[in-house]
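Shown next: my_file_20.pdb, containing PDB, C-alpha atoms and all ligand atoms.
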```pdb
ATOM      1  CA  MET I   1      46.043  15.427 -71.540  1.00  0.00           C
ATOM      2  CA  PRO I   2      43.178  13.375 -70.074  1.00  0.00           C
ATOM      3  CA  GLU I   3      42.766  13.720 -66.349  1.00  0.00           C
ATOM      4  CA  ILE I   4      44.249  10.782 -64.458  1.00  0.00           C
ATOM      5  CA  ARG I   5      42.166   9.811 -61.446  1.00  0.00           C
ATOM      6  CA  THR I   6      44.273   8.898 -58.459  1.00  0.00           C
ATOM      7  CA  GLY I   7      41.777   9.021 -55.605  1.00  0.00           C
ATOM      8  CA  ARG I   8      38.902   6.742 -54.797  1.00  0.00           C
ATOM      9  CA  VAL I   9      35.394   7.680 -55.831  1.00  0.00           C
ATOM     10  CA  ARG I  10      33.734   9.510 -52.960  1.00  0.00           C
ATOM     11  CA  VAL I  11      30.505   7.740 -52.022  1.00  0.00           C
ATOM     12  CA  ALA I  12      27.678   8.813 -49.719  1.00  0.00           C
ATOM     13  CA  VAL I  13      25.379   6.109 -48.352  1.00  0.00           C
ATOM     14  CA  LEU I  14      21.793   7.098 -47.532  1.00  0.00           C
ATOM     15  CA  ILE I  15      20.057   5.000 -44.883  1.00  0.00           C
ATOM     16  CA  SER I  16      16.906   4.911 -42.771  1.00  0.00           C
ATOM     17  CA  GLY I  17      17.504   1.839 -40.620  1.00  0.00           C
ATOM     18  CA  ALA I  18      19.979  -0.760 -39.400  1.00  0.00           C
ATOM     19  CA  GLY I  19      22.507  -0.007 -42.095  1.00  0.00           C
ATOM     20  CA  SER I  20      23.944  -3.483 -42.584  1.00  0.00           C
ATOM     21  CA  ASN I  21      24.426  -2.834 -46.303  1.00  0.00           C
ATOM     22  CA  MET I  22      26.017   0.505 -45.464  1.00  0.00           C
ATOM     23  CA  ALA I  23      28.453  -1.280 -43.133  1.00  0.00           C
ATOM     24  CA  ALA I  24      29.366  -3.719 -45.904  1.00  0.00           C
ATOM     25  CA  LEU I  25      30.046  -0.787 -48.241  1.00  0.00           C
ATOM     26  CA  VAL I  26      32.133   1.061 -45.654  1.00  0.00           C
ATOM     27  CA  ASP I  27      34.229  -2.052 -45.015  1.00  0.00           C
ATOM     28  CA  ALA I  28      34.691  -2.745 -48.725  1.00  0.00           C
ATOM     29  CA  GLY I  29      35.721   0.852 -49.347  1.00  0.00           C
ATOM     30  CA  ALA I  30      38.352   0.677 -46.620  1.00  0.00           C
ATOM     31  CA  VAL I  31      40.483  -2.096 -48.124  1.00  0.00           C
ATOM     32  CA  THR I  32      43.622  -1.488 -50.130  1.00  0.00           C
ATOM     33  CA  ASP I  33      42.942  -0.922 -53.825  1.00  0.00           C
ATOM     34  CA  ALA I  34      39.238  -0.239 -53.321  1.00  0.00           C
ATOM     35  CA  SER I  35      37.815   1.885 -56.128  1.00  0.00           C
ATOM     36  CA  PHE I  36      35.625   3.909 -53.754  1.00  0.00           C
ATOM     37  CA  GLU I  37      35.456   5.138 -50.190  1.00  0.00           C
ATOM     38  CA  VAL I  38      32.418   5.979 -48.116  1.00  0.00           C
ATOM     39  CA  VAL I  39      32.877   9.600 -47.057  1.00  0.00           C
ATOM     40  CA  LEU I  40      29.414  10.218 -45.617  1.00  0.00           C
ATOM     41  CA  VAL I  41      26.482   8.308 -44.155  1.00  0.00           C
ATOM     42  CA  LEU I  42      23.259  10.294 -44.178  1.00  0.00           C
ATOM     43  CA  SER I  43      19.996   9.287 -42.530  1.00  0.00           C
ATOM     44  CA  ASN I  44      16.514  10.766 -42.713  1.00  0.00           C
ATOM     45  CA  LYS I  45      15.659   9.172 -39.360  1.00  0.00           C
ATOM     46  CA  ALA I  46      17.233   9.907 -35.987  1.00  0.00           C
ATOM     47  CA  GLU I  47      16.515   6.386 -34.763  1.00  0.00           C
ATOM     48  CA  ALA I  48      18.398   4.714 -37.619  1.00  0.00           C
ATOM     49  CA  GLY I  49      20.752   2.229 -35.973  1.00  0.00           C
ATOM     50  CA  GLY I  50      23.151   2.616 -38.851  1.00  0.00           C
ATOM     51  CA  LEU I  51      24.178   6.079 -37.674  1.00  0.00           C
ATOM     52  CA  ALA I  52      25.950   4.658 -34.611  1.00  0.00           C
ATOM     53  CA  VAL I  53      27.455   1.888 -36.735  1.00  0.00           C
ATOM     54  CA  ALA I  54      28.916   4.450 -39.127  1.00  0.00           C
ATOM     55  CA  GLU I  55      30.230   6.594 -36.280  1.00  0.00           C
ATOM     56  CA  ALA I  56      31.913   3.557 -34.723  1.00  0.00           C
ATOM     57  CA  LYS I  57      33.625   2.967 -38.054  1.00  0.00           C
ATOM     58  CA  GLY I  58      34.839   6.559 -38.129  1.00  0.00           C
ATOM     59  CA  VAL I  59      32.668   7.644 -41.047  1.00  0.00           C
ATOM     60  CA  PRO I  60      31.175  11.158 -40.944  1.00  0.00           C
ATOM     61  CA  THR I  61      27.407  11.108 -40.492  1.00  0.00           C
ATOM     62  CA  ALA I  62      24.579  13.538 -41.101  1.00  0.00           C
ATOM     63  CA  LEU I  63      20.984  13.479 -39.925  1.00  0.00           C
ATOM     64  CA  LEU I  64      18.344  15.278 -41.955  1.00  0.00           C
ATOM     65  CA  ASP I  65      15.060  14.257 -40.371  1.00  0.00           C
ATOM     66  CA  HIS I  66      12.441  14.588 -43.101  1.00  0.00           C
ATOM     67  CA  ALA I  67       9.747  15.122 -40.457  1.00  0.00           C
ATOM     68  CA  LEU I  68      11.317  18.477 -39.611  1.00  0.00           C
ATOM     69  CA  PHE I  69      10.640  19.612 -43.174  1.00  0.00           C
ATOM     70  CA  GLY I  70       6.911  18.837 -43.008  1.00  0.00           C
ATOM     71  CA  LYS I  71       5.497  18.311 -46.485  1.00  0.00           C
ATOM     72  CA  ASP I  72       8.289  20.283 -48.117  1.00  0.00           C
ATOM     73  CA  ARG I  73      10.099  17.490 -49.948  1.00  0.00           C
ATOM     74  CA  ALA I  74      11.963  19.997 -52.087  1.00  0.00           C
ATOM     75  CA  ALA I  75      13.488  21.690 -49.039  1.00  0.00           C
ATOM     76  CA  HIS I  76      14.490  18.322 -47.558  1.00  0.00           C
ATOM     77  CA  GLU I  77      16.147  17.221 -50.775  1.00  0.00           C
ATOM     78  CA  GLN I  78      17.858  20.582 -51.197  1.00  0.00           C
ATOM     79  CA  ALA I  79      19.278  20.148 -47.694  1.00  0.00           C
ATOM     80  CA  ILE I  80      20.517  16.673 -48.650  1.00  0.00           C
ATOM     81  CA  GLN I  81      22.076  18.070 -51.821  1.00  0.00           C
ATOM     82  CA  THR I  82      23.879  20.763 -49.847  1.00  0.00           C
ATOM     83  CA  VAL I  83      25.397  18.194 -47.473  1.00  0.00           C
ATOM     84  CA  LEU I  84      26.410  15.921 -50.357  1.00  0.00           C
ATOM     85  CA  GLU I  85      28.157  18.813 -52.088  1.00  0.00           C
ATOM     86  CA  ALA I  86      29.876  19.886 -48.863  1.00  0.00           C
ATOM     87  CA  HIS I  87      31.417  16.416 -48.620  1.00  0.00           C
ATOM     88  CA  GLY I  88      32.531  16.318 -52.235  1.00  0.00           C
ATOM     89  CA  VAL I  89      30.340  13.298 -52.949  1.00  0.00           C
ATOM     90  CA  GLU I  90      30.581  11.791 -56.430  1.00  0.00           C
ATOM     91  CA  VAL I  91      28.265   8.778 -56.150  1.00  0.00           C
ATOM     92  CA  VAL I  92      25.227   8.180 -53.926  1.00  0.00           C
ATOM     93  CA  ALA I  93      24.337   4.678 -52.741  1.00  0.00           C
ATOM     94  CA  LEU I  94      20.863   4.185 -51.304  1.00  0.00           C
ATOM     95  CA  ALA I  95      20.880   1.366 -48.755  1.00  0.00           C
ATOM     96  CA  GLY I  96      17.557   0.920 -47.033  1.00  0.00           C
ATOM     97  CA  TYR I  97      16.683   4.580 -47.551  1.00  0.00           C
ATOM     98  CA  MET I  98      12.930   4.387 -47.023  1.00  0.00           C
ATOM     99  CA  ARG I  99      11.807   7.617 -48.591  1.00  0.00           C
ATOM    100  CA  LEU I 100      10.856   8.177 -52.193  1.00  0.00           C
ATOM    101  CA  LEU I 101      13.027  10.777 -53.886  1.00  0.00           C
ATOM    102  CA  THR I 102      11.647  13.367 -56.248  1.00  0.00           C
ATOM    103  CA  ALA I 103      12.854  14.320 -59.702  1.00  0.00           C
ATOM    104  CA  PHE I 104      15.017  17.014 -58.127  1.00  0.00           C
ATOM    105  CA  LEU I 105      17.507  14.748 -56.361  1.00  0.00           C
ATOM    106  CA  VAL I 106      17.165  11.860 -58.812  1.00  0.00           C
ATOM    107  CA  GLY I 107      17.858  14.268 -61.676  1.00  0.00           C
ATOM    108  CA  ARG I 108      20.870  15.819 -59.986  1.00  0.00           C
ATOM    109  CA  TRP I 109      22.379  12.344 -59.516  1.00  0.00           C
ATOM    110  CA  ALA I 110      21.246  10.687 -62.730  1.00  0.00           C
ATOM    111  CA  GLY I 111      23.667   7.882 -63.541  1.00  0.00           C
ATOM    112  CA  ARG I 112      25.411   8.410 -60.200  1.00  0.00           C
ATOM    113  CA  MET I 113      22.832   7.096 -57.753  1.00  0.00           C
ATOM    114  CA  LEU I 114      22.485   3.376 -56.992  1.00  0.00           C
ATOM    115  CA  ASN I 115      20.002   1.400 -54.918  1.00  0.00           C
ATOM    116  CA  ILE I 116      19.780  -2.133 -53.618  1.00  0.00           C
ATOM    117  CA  HIS I 117      16.401  -3.842 -53.661  1.00  0.00           C
ATOM    118  CA  PRO I 118      15.601  -7.201 -52.033  1.00  0.00           C
ATOM    119  CA  SER I 119      14.108  -8.981 -55.033  1.00  0.00           C
ATOM    120  CA  LEU I 120      15.085 -10.114 -58.486  1.00  0.00           C
ATOM    121  CA  LEU I 121      13.714  -7.097 -60.324  1.00  0.00           C
ATOM    122  CA  PRO I 122      11.572  -6.666 -62.323  1.00  0.00           C
ATOM    123  CA  LYS I 123       9.797  -9.037 -59.921  1.00  0.00           C
ATOM    124  CA  TYR I 124       8.403  -7.439 -56.788  1.00  0.00           C
ATOM    125  CA  PRO I 125       9.249  -3.763 -56.782  1.00  0.00           C
ATOM    126  CA  GLY I 126       8.070  -2.036 -53.605  1.00  0.00           C
ATOM    127  CA  LEU I 127       7.570  -3.618 -50.185  1.00  0.00           C
ATOM    128  CA  ASP I 128       7.086  -7.120 -48.730  1.00  0.00           C
ATOM    129  CA  THR I 129       9.230  -8.737 -51.400  1.00  0.00           C
ATOM    130  CA  HIS I 130      10.018 -11.920 -49.468  1.00  0.00           C
ATOM    131  CA  ALA I 131       6.405 -12.626 -48.526  1.00  0.00           C
ATOM    132  CA  ARG I 132       5.405 -12.094 -52.138  1.00  0.00           C
ATOM    133  CA  ALA I 133       8.096 -14.463 -53.424  1.00  0.00           C
ATOM    134  CA  ILE I 134       6.990 -17.168 -50.968  1.00  0.00           C
ATOM    135  CA  ALA I 135       3.296 -16.643 -51.752  1.00  0.00           C
ATOM    136  CA  ALA I 136       4.023 -16.988 -55.464  1.00  0.00           C
ATOM    137  CA  GLY I 137       5.824 -20.297 -54.893  1.00  0.00           C
ATOM    138  CA  ASP I 138       9.047 -18.987 -56.407  1.00  0.00           C
ATOM    139  CA  ALA I 139      11.995 -21.378 -56.355  1.00  0.00           C
ATOM    140  CA  GLU I 140      14.453 -18.538 -56.034  1.00  0.00           C
ATOM    141  CA  ALA I 141      14.604 -15.033 -54.651  1.00  0.00           C
ATOM    142  CA  GLY I 142      17.404 -12.528 -54.482  1.00  0.00           C
ATOM    143  CA  CYS I 143      18.508  -8.946 -54.717  1.00  0.00           C
ATOM    144  CA  THR I 144      19.220  -6.332 -57.343  1.00  0.00           C
ATOM    145  CA  VAL I 145      21.513  -3.317 -57.536  1.00  0.00           C
ATOM    146  CA  HIS I 146      20.216  -0.756 -60.006  1.00  0.00           C
ATOM    147  CA  LEU I 147      20.585   2.837 -60.999  1.00  0.00           C
ATOM    148  CA  VAL I 148      17.916   5.070 -59.523  1.00  0.00           C
ATOM    149  CA  THR I 149      15.403   6.669 -61.849  1.00  0.00           C
ATOM    150  CA  GLU I 150      12.108   8.378 -61.106  1.00  0.00           C
ATOM    151  CA  GLY I 151      10.205   5.085 -61.260  1.00  0.00           C
ATOM    152  CA  VAL I 152      10.133   3.012 -58.076  1.00  0.00           C
ATOM    153  CA  ASP I 153      12.789   0.263 -58.201  1.00  0.00           C
ATOM    154  CA  ASP I 154      12.834   0.715 -61.943  1.00  0.00           C
ATOM    155  CA  GLY I 155      16.292   1.824 -63.111  1.00  0.00           C
ATOM    156  CA  PRO I 156      18.825  -0.107 -65.216  1.00  0.00           C
ATOM    157  CA  VAL I 157      20.059  -3.238 -63.468  1.00  0.00           C
ATOM    158  CA  LEU I 158      23.757  -3.294 -62.603  1.00  0.00           C
ATOM    159  CA  GLY I 159      23.843  -6.682 -60.906  1.00  0.00           C
ATOM    160  CA  GLN I 160      21.722  -9.386 -59.339  1.00  0.00           C
ATOM    161  CA  SER I 161      22.285 -12.290 -56.983  1.00  0.00           C
ATOM    162  CA  ALA I 162      19.895 -15.216 -56.559  1.00  0.00           C
ATOM    163  CA  VAL I 163      19.324 -17.450 -53.519  1.00  0.00           C
ATOM    164  CA  PRO I 164      17.061 -20.506 -53.183  1.00  0.00           C
ATOM    165  CA  VAL I 165      13.685 -20.339 -51.492  1.00  0.00           C
ATOM    166  CA  MET I 166      13.375 -23.245 -49.039  1.00  0.00           C
ATOM    167  CA  ALA I 167      10.113 -25.123 -48.468  1.00  0.00           C
ATOM    168  CA  ASP I 168       9.900 -23.993 -44.848  1.00  0.00           C
ATOM    169  CA  ASP I 169      10.969 -20.397 -45.421  1.00  0.00           C
ATOM    170  CA  THR I 170       9.217 -17.546 -43.675  1.00  0.00           C
ATOM    171  CA  PRO I 171       9.627 -13.990 -44.938  1.00  0.00           C
ATOM    172  CA  ALA I 172      12.109 -13.497 -42.083  1.00  0.00           C
ATOM    173  CA  SER I 173      14.255 -16.540 -42.874  1.00  0.00           C
ATOM    174  CA  LEU I 174      14.261 -15.773 -46.580  1.00  0.00           C
ATOM    175  CA  GLY I 175      15.034 -12.145 -45.783  1.00  0.00           C
ATOM    176  CA  GLN I 176      18.134 -13.182 -43.845  1.00  0.00           C
ATOM    177  CA  ARG I 177      19.390 -15.265 -46.774  1.00  0.00           C
ATOM    178  CA  VAL I 178      18.758 -12.432 -49.216  1.00  0.00           C
ATOM    179  CA  LEU I 179      20.381  -9.892 -46.908  1.00  0.00           C
ATOM    180  CA  ALA I 180      23.568 -11.973 -46.775  1.00  0.00           C
ATOM    181  CA  ALA I 181      23.567 -11.965 -50.580  1.00  0.00           C
ATOM    182  CA  GLU I 182      23.077  -8.177 -50.548  1.00  0.00           C
ATOM    183  CA  HIS I 183      26.178  -7.717 -48.406  1.00  0.00           C
ATOM    184  CA  ASP I 184      28.188  -9.562 -51.029  1.00  0.00           C
ATOM    185  CA  LEU I 185      26.561  -8.074 -54.118  1.00  0.00           C
ATOM    186  CA  TYR I 186      26.417  -4.363 -53.314  1.00  0.00           C
ATOM    187  CA  PRO I 187      30.141  -3.821 -52.619  1.00  0.00           C
ATOM    188  CA  ARG I 188      31.083  -5.797 -55.718  1.00  0.00           C
ATOM    189  CA  VAL I 189      28.725  -3.915 -58.002  1.00  0.00           C
ATOM    190  CA  LEU I 190      29.574  -0.510 -56.565  1.00  0.00           C
ATOM    191  CA  GLY I 191      33.272  -1.355 -56.789  1.00  0.00           C
ATOM    192  CA  ASP I 192      32.970  -2.357 -60.434  1.00  0.00           C
ATOM    193  CA  PHE I 193      30.847   0.698 -61.183  1.00  0.00           C
ATOM    194  CA  CYS I 194      33.400   3.088 -59.703  1.00  0.00           C
ATOM    195  CA  ARG I 195      36.344   1.242 -61.244  1.00  0.00           C
ATOM    196  CA  SER I 196      34.774   1.423 -64.690  1.00  0.00           C
ATOM    197  CA  GLY I 197      34.500   5.192 -64.538  1.00  0.00           C
ATOM    198  CA  MET I 198      30.862   4.970 -63.511  1.00  0.00           C
ATOM    199  CA  SER I 199      29.600   3.783 -66.854  1.00  0.00           C
ATOM    200  CA  LEU I 200      26.993   1.131 -67.397  1.00  0.00           C
ATOM    201  CA  PRO I 201      28.289  -2.376 -67.969  1.00  0.00           C
ATOM    202  CA  ASP I 202      28.172  -3.897 -71.422  1.00  0.00           C
ATOM    203  CA  PRO I 203      24.510  -3.864 -72.468  1.00  0.00           C
ATOM    204  CA  SER I 204      24.454  -7.526 -73.388  1.00  0.00           C
ATOM    205  CA  PRO I 205      24.684  -8.858 -69.821  1.00  0.00           C
ATOM    206  CA  LEU I 206      22.566  -5.942 -68.679  1.00  0.00           C
ATOM    207  CA  ARG I 207      19.314  -7.398 -69.861  1.00  0.00           C
ATOM    208  CA  ARG I 208      17.211  -8.049 -66.845  1.00  0.00           C
ATOM    209  CA  GLY I 209      17.653 -11.525 -65.498  1.00  0.00           C
ATOM    210  CA  ASP I 210      20.973 -11.953 -67.250  1.00  0.00           C
ATOM    211  CA  ALA I 211      23.020  -9.753 -64.972  1.00  0.00           C
ATOM    212  CA  ARG I 212      23.094 -12.195 -62.093  1.00  0.00           C
ATOM    213  CA  GLN I 213      26.227 -12.978 -60.240  1.00  0.00           C
ATOM    214  CA  PRO I 214      26.607 -16.066 -58.095  1.00  0.00           C
ATOM    215  CA  CYS I 215      26.117 -15.499 -54.412  1.00  0.00           C
ATOM    216  CA  GLU I 216      29.184 -16.496 -52.432  1.00  0.00           C
TER     217      GLU I 216
HETATM  218  C1  LIG D 301      17.724  -4.233 -47.433  1.00  0.00           C
HETATM  219  O1  LIG D 301      17.034  -5.438 -47.567  1.00  0.00           O
HETATM  220  C2  LIG D 301      17.663  -3.448 -48.725  1.00  0.00           C
HETATM  221  O2  LIG D 301      17.652  -4.274 -49.851  1.00  0.00           O
HETATM  222  C3  LIG D 301      16.352  -2.741 -48.596  1.00  0.00           C
HETATM  223  O3  LIG D 301      16.268  -2.372 -47.245  1.00  0.00           O
HETATM  224  C4  LIG D 301      17.045  -3.283 -46.464  1.00  0.00           C
HETATM  225  C5  LIG D 301      18.014  -2.450 -45.687  1.00  0.00           C
HETATM  226  O4  LIG D 301      18.714  -3.219 -44.733  1.00  0.00           O
HETATM  227  N1  LIG D 301      16.274  -1.639 -49.521  1.00  0.00           N
HETATM  228  P1  LIG D 301      19.966  -2.570 -44.014  1.00  0.00           P
HETATM  229  O5  LIG D 301      19.514  -1.265 -43.378  1.00  0.00           O
HETATM  230  O6  LIG D 301      21.033  -2.354 -45.026  1.00  0.00           O
HETATM  231  O7  LIG D 301      20.373  -3.577 -42.959  1.00  0.00           O
END
```
As C-alpha cells, please, write out the structure in this file.
Amino acid sequence: MPEIRTGRVRVAVLISGAGSNMAALVDAGAVTDASFEVVLVLSNKAEAGGLAVAEAKGVPTALLDHALFGKDRAAHEQAIQTVLEAHGVEVVALAGYMRLLTAFLVGRWAGRMLNIHPSLLPKYPGLDTHARAIAAGDAEAGCTVHLVTEGVDDGPVLGQSAVPVMADDTPASLGQRVLAAEHDLYPRVLGDFCRSGMSLPDPSPLRRGDARQPCE
C-alpha cells in the first residue's frame, strides 16, 4: 500500500534579515488546507529582525551565528543540518539568507531547498538586482523562486512574477514593488511544490521566462 500523507510538509525558513518573505510563508502555512507549515525559522545573524517576527507568530526559532564558527563553513552547515533534523524538516526555504551554502548542505537538500531571488532569472543573479534592472533600461523586473543548486541563483525555476519598472523608479521604489510580488509568489510556489509531492512542475512551462505567474 502506498503511504498516504496526512500532515503538512514541514518547512524550515532560513533568514538573515527582516524576514518579510518568511512572515508571508508562515501566514500562508497557517491557513486551513495549506500544504505546508513552517516549523522552524533559522537565522545566521543575531540581529535579524525576522527572528522576533517569527517568535511573535509562535514559530520556533534557532540562531546559528556563522561568525562563531570562524572560517569553518562545514561545521556551521553541520550545525544547521542537526537543527533541521531535530525539527523533522522536510523542505528548506531560503528567504533572504545572505550566506552562500556549500555542496554539503545543498547536496543534502537537493530538490528540497528553494530560494527566492529579486530578479527575473537568468537576468541579474547576485546583488543589486534593482539598480541593475534600472541601469539597463528594463521595462519590467520581478522575482524568481527556484531550486537551490551549487551555482549562485542558478537552479531550476519554479515560478516567476513580473512587475513594471516605472520611469521615475529608484532601486528602493522598485525593490518595494518587487518585494510585494515576492510575498505573493513565494507562498504560492511553495504551496504548489509541497502539494505536488515536491516534484518539479511540467517541464514545458518550466523553461526560463515561461514560468511567470501574474502578480496580484
Ligand atoms: C528579498 O528581496 C529576497 O528576494 C532576497 O532578499 C530579500 C529578503 O527580504 N533574497 P526579507 O528578509 O524577506 O524581507
Resolved residues for the PyMOL selection byres (((not hetatm)) within 6 of (chain D and resi 301)) as a ChimeraX atom specification: /I:17-22,95-96,116-118,179
Point-to-point distance from CA of Ser161 in chain I to CA of Ala54 in chain I, Å rounded to tenths: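 Rounded to one decimal, the two atoms are 25.4 Å apart.
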Residues matched by the PyMOL selection byres (((chain I and resi 81) around 12) and not hetatm) as number ranges by chain: I: 12, 14, 42, 62, 64, 74-80, 82-92, 101, 104-109
Length of the CA of Asp192 in chain I to CA of Asn44 in chain I vector [Å]: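 Computing the Euclidean distance for CA of Asp192 in chain I and CA of Asn44 in chain I yields 27.5 Å.
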Residue members of the PyMOL selection byres (((chain I and resi 184) around 12) and not hetatm) in the file shown, as number ranges by chain: I: 20-25, 27-28, 116, 142-145, 159-162, 177-183, 185-191, 213-216
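Between CA of Met198 in chain I and CA of Gly111 in chain I lies a distance of 7.8 Å.
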Build an axis-aligned box that encloses every atom of range 101-106 of chain I listed in the file, pad it by 6 Å on each side, and report its centre and edge lengths in Å to one decimal, as AutoDock Vina command-line options.
```
--center_x 14.6 --center_y 13.9 --center_z -56.8 --size_x 17.9 --size_y 18.2 --size_z 17.8
```
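Shortest separation to Asp154 in chain I among I:Lys123, I:His66, I:Arg132, I:Arg10 occurs at residue I:Lys123, atoms counted being all atoms listed in the file.
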Polymer residues at most 12 Å from (15.2, -18.2, -45.9) by all atoms listed in the file, as a list in words: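 These residues have at least one counted atom within 12 Å: His130, Ala131, Ala133, Ile134, Ala139, Glu140, Ala141, Gly142, Val163, Pro164, Val165, Met166, Ala167, Asp168, Asp169, Thr170, Pro171, Ala172, Ser173, Leu174, Gly175, Gln176, Arg177, Val178, Leu179, Ala180 and Ala181 of chain I.
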Distance criterion (all atoms listed in the file): nearest to Lys45 in chain I out of I:Val26, I:Val152, I:Val13, I:Leu68: I:Leu68
Exercise: Gly29 in chain I partners within 8 Å, all atoms listed in the file, chain neighbours under 5 positions left out, as a list of chain:residue names: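 In the requested form, the answer reads I:Ala34, I:Ser35, I:Phe36, I:Glu37, I:Val38, I:Pro187.
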Option closest in space to Ala93 in chain I, from I:Ala46, I:Val148, I:Leu51, I:Leu127 [counting only C-alpha atoms]: I:Val148
Pick from I:Asp138, I:Gly197, I:Val53, I:Gly151 nearest to Pro125 in chain I, counting only C-alpha atoms: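 Nearest candidate to Pro125 in chain I out of I:Asp138, I:Gly197, I:Val53, I:Gly151: I:Gly151.
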